[in-house]
>>> print(open('model38.cif').read())   # mmCIF, C-alpha atoms
data_protein
#
loop_
_atom_site.label_atom_id
_atom_site.label_comp_id
_atom_site.auth_asym_id
_atom_site.auth_seq_id
_atom_site.Cartn_x
_atom_site.Cartn_y
_atom_site.Cartn_z
CA MET A 1 0.00 0.00 0.00
CA ALA A 2 1.25 3.40 -0.93
CA SER A 3 0.84 5.93 1.80
CA SER A 4 0.15 9.48 0.77
CA LYS A 5 2.04 12.07 2.74
CA ARG A 6 -0.01 15.13 3.60
CA LYS A 7 1.64 18.40 4.38
CA ILE A 8 0.48 20.58 7.21
CA TYR A 9 -0.10 24.15 6.08
CA ARG A 10 -0.17 27.37 8.07
CA VAL A 11 -3.29 29.42 8.43
CA CYS A 12 -2.13 32.23 10.71
CA GLY A 13 -0.76 29.89 13.34
CA GLU A 14 -3.24 27.04 12.90
CA ASN A 15 -2.42 23.75 11.19
CA ILE A 16 -4.70 22.40 8.46
CA GLN A 17 -4.45 19.64 5.87
CA LYS A 18 -5.58 20.65 2.39
CA LYS A 19 -4.50 20.35 -1.21
CA GLY A 20 -4.12 23.06 -3.79
CA PHE A 21 -1.76 25.66 -5.11
CA TRP A 22 -2.46 28.41 -2.57
CA TYR A 23 -1.94 26.13 0.38
CA TRP A 24 1.42 25.08 -1.10
CA TYR A 25 2.24 28.73 -1.81
CA PHE A 26 1.65 29.91 1.74
CA ASN A 27 3.55 26.95 3.14
CA ALA A 28 6.48 27.62 0.82
CA PHE A 29 6.61 31.27 1.87
CA PRO A 30 6.15 31.41 5.65
CA TYR A 31 6.08 35.22 5.78
CA LEU A 32 2.66 35.02 4.10
CA CYS A 33 -0.28 33.29 5.73
CA LEU A 34 -3.94 32.74 4.93
CA PRO A 35 -6.48 34.82 6.83
CA LYS A 36 -8.40 33.13 9.65
CA LYS A 37 -11.62 34.86 8.63
CA ILE A 38 -12.95 35.67 5.21
CA GLY A 39 -12.92 39.44 5.76
CA GLU A 40 -9.39 39.53 7.23
CA LYS A 41 -6.61 40.76 4.93
CA LEU A 42 -3.50 38.78 4.04
CA ARG A 43 -0.36 39.53 5.97
CA VAL A 44 2.37 40.35 3.50
CA MET A 45 6.09 40.80 3.39
CA ALA A 46 7.89 43.46 5.36
CA ARG A 47 9.75 45.40 2.65
CA VAL A 48 6.74 47.15 1.16
CA CYS A 49 6.05 50.88 1.06
CA GLN A 50 2.74 51.70 2.77
CA VAL A 51 1.92 54.54 0.37
CA THR A 52 3.19 53.53 -3.08
CA GLY A 53 3.24 49.75 -2.62
CA LYS A 54 6.81 49.46 -3.89
CA LYS A 55 8.34 46.08 -3.04
CA PRO A 56 11.46 44.06 -3.90
CA ILE A 57 11.84 43.00 -7.51
CA VAL A 58 13.99 40.25 -8.98
CA GLY A 59 16.65 40.80 -11.61
CA ASN A 60 20.12 39.72 -12.62
CA SER A 61 23.60 40.66 -11.50
CA VAL A 62 25.67 40.74 -14.66
CA SER A 63 29.42 40.19 -14.36
CA HIS A 64 32.11 41.50 -16.66
CA SER A 65 32.05 38.15 -18.48
CA ASN A 66 28.25 38.50 -18.89
CA ILE A 67 27.41 35.72 -16.41
CA LYS A 68 23.97 36.37 -14.96
CA THR A 69 23.00 35.45 -11.41
CA LYS A 70 19.69 36.22 -9.73
CA ARG A 71 19.48 39.04 -7.22
CA ARG A 72 16.87 41.20 -5.50
CA PHE A 73 16.50 44.94 -5.93
CA LEU A 74 15.17 46.31 -2.64
CA PRO A 75 13.19 49.56 -2.43
CA ASN A 76 14.73 52.47 -0.56
CA LEU A 77 12.48 52.27 2.52
CA GLN A 78 12.66 54.60 5.48
CA LYS A 79 10.74 54.44 8.75
CA LYS A 80 9.43 57.95 9.36
CA ARG A 81 7.35 59.56 12.12
CA PHE A 82 4.93 62.33 11.21
CA PHE A 83 2.85 64.47 13.52
CA PHE A 84 -0.73 64.23 12.28
CA ALA A 85 -2.22 67.56 13.45
CA GLU A 86 -5.86 66.67 12.61
CA GLU A 87 -5.83 63.85 15.19
CA ASP A 88 -3.15 65.40 17.44
CA ARG A 89 -0.93 62.27 17.40
CA TRP A 90 2.24 60.81 15.89
CA VAL A 91 1.97 58.42 12.95
CA THR A 92 4.82 56.06 11.99
CA LEU A 93 4.95 54.95 8.36
CA LYS A 94 7.33 52.73 6.39
CA LEU A 95 7.86 54.72 3.21
CA SER A 96 9.93 54.74 0.07
CA THR A 97 11.74 57.97 -0.67
CA ASP A 98 9.33 58.47 -3.59
CA ALA A 99 6.43 58.37 -1.08
CA LEU A 100 8.18 61.01 1.05
CA ARG A 101 8.13 63.31 -1.98
CA THR A 102 4.43 62.52 -2.47
CA ILE A 103 3.70 63.51 1.14
CA ASN A 104 5.68 66.74 0.70
CA LYS A 105 3.70 67.57 -2.44
CA ASN A 106 0.14 66.50 -1.47
CA GLY A 107 0.27 66.76 2.32
CA LEU A 108 0.05 64.12 5.04
CA ALA A 109 -3.72 64.48 5.54
CA SER A 110 -4.59 63.66 1.93
CA VAL A 111 -2.18 60.69 1.85
CA ILE A 112 -3.60 59.22 5.07
CA LYS A 113 -7.13 59.80 3.79
CA GLY A 114 -6.25 57.81 0.64
CA LEU A 115 -4.68 55.00 2.67
CA ARG A 116 -7.74 54.71 4.88
CA ALA A 117 -9.98 54.64 1.79
CA GLU A 118 -7.96 51.61 0.58
CA GLY A 119 -8.50 49.87 3.92
CA SER A 120 -5.15 50.37 5.65
CA LYS A 121 -5.21 50.71 9.42
CA ILE A 122 -3.30 53.85 10.40
#
>>> encode(input="model38.cif", output="structure tokens")
Amino acid sequence: MASSKRKIYRVCGENIQKKGFWYWYFNAFPYLCLPKKIGEKLRVMARVCQVTGKKPIVGNSVSHSNIKTKRRFLPNLQKKRFFFAEEDRWVTLKLSTDALRTINKNGLASVIKGLRAEGSKI
């Protein structure tokens, strides 16, 4: 008799046994996990700008002899505290330098309003 091995997959700390691509995907990448509830959002990787959504991309390092090896290009992220005068409190955001320019141009209030409209908790 052939025994089928079943993998245990993560659903935000709980173990479940299922088949399918997404269950493999979230098990292969432990920094992602499935939501416990239907309405809950996915938890995603850390190097993502909260305003622009910039994240690491994959490319090649090319040597002098034209040998290509895979590498990651990381966004220029900065952790920045802003004083949000409308709510009289400090807000900490993880931003790319491009997003800092956006905040300088449009203002913090309009950027936070847009983030909240997208569903971000700030």
>>> residues_around(input="model38.cif", residues="Thr102 in chain A", least_positions_apart="4", cutoff="10 Å", atoms="all atoms listed in the file", output="list in words")
Val51, Thr52, Ser96, Thr97, Asp98, Asn106, Gly107, Leu108 and Val111 of chain A
>>> atom_distance(input="model38.cif", atom1="CA of Lys80 in chain A", atom2="CA of Cys49 in chain A")
11.4 Å
>>> atom_distance(input="model38.cif", atom1="CA of Ser120 in chain A", atom2="CA of Asn104 in chain A")
20.2 Å
>>> atom_distance(input="model38.cif", atom1="CA of Gly53 in chain A", atom2="CA of Leu77 in chain A")
10.9 Å
>>> residues_around(input="model38.cif", residues="Ile57 in chain A", least_positions_apart="5", cutoff="7 Å", atoms="all atoms listed in the file", output="PyMOL selection string")
chain A and resi 72-74
>>> resolve_selection(input="model38.cif", expression="the PyMOL selection byres ((chain A and resi 109) around 12)", output="PyMOL selection string")
chain A and resi 82-88+91+102-108+110-116+122
>>> resolve_selection(input="model38.cif", expression="the PyMOL selection byres ((chain A and resi 93) around 7)", output="NGL selection string")
:A and (50 or 79-81 or 91-92 or 94-95)
>>> closest_residue(input="model38.cif", among="A:Arg89, A:Ile67, A:Pro75, A:Ala99", to="Lys55 in chain A", atoms="all atoms listed in the file")
A:Pro75
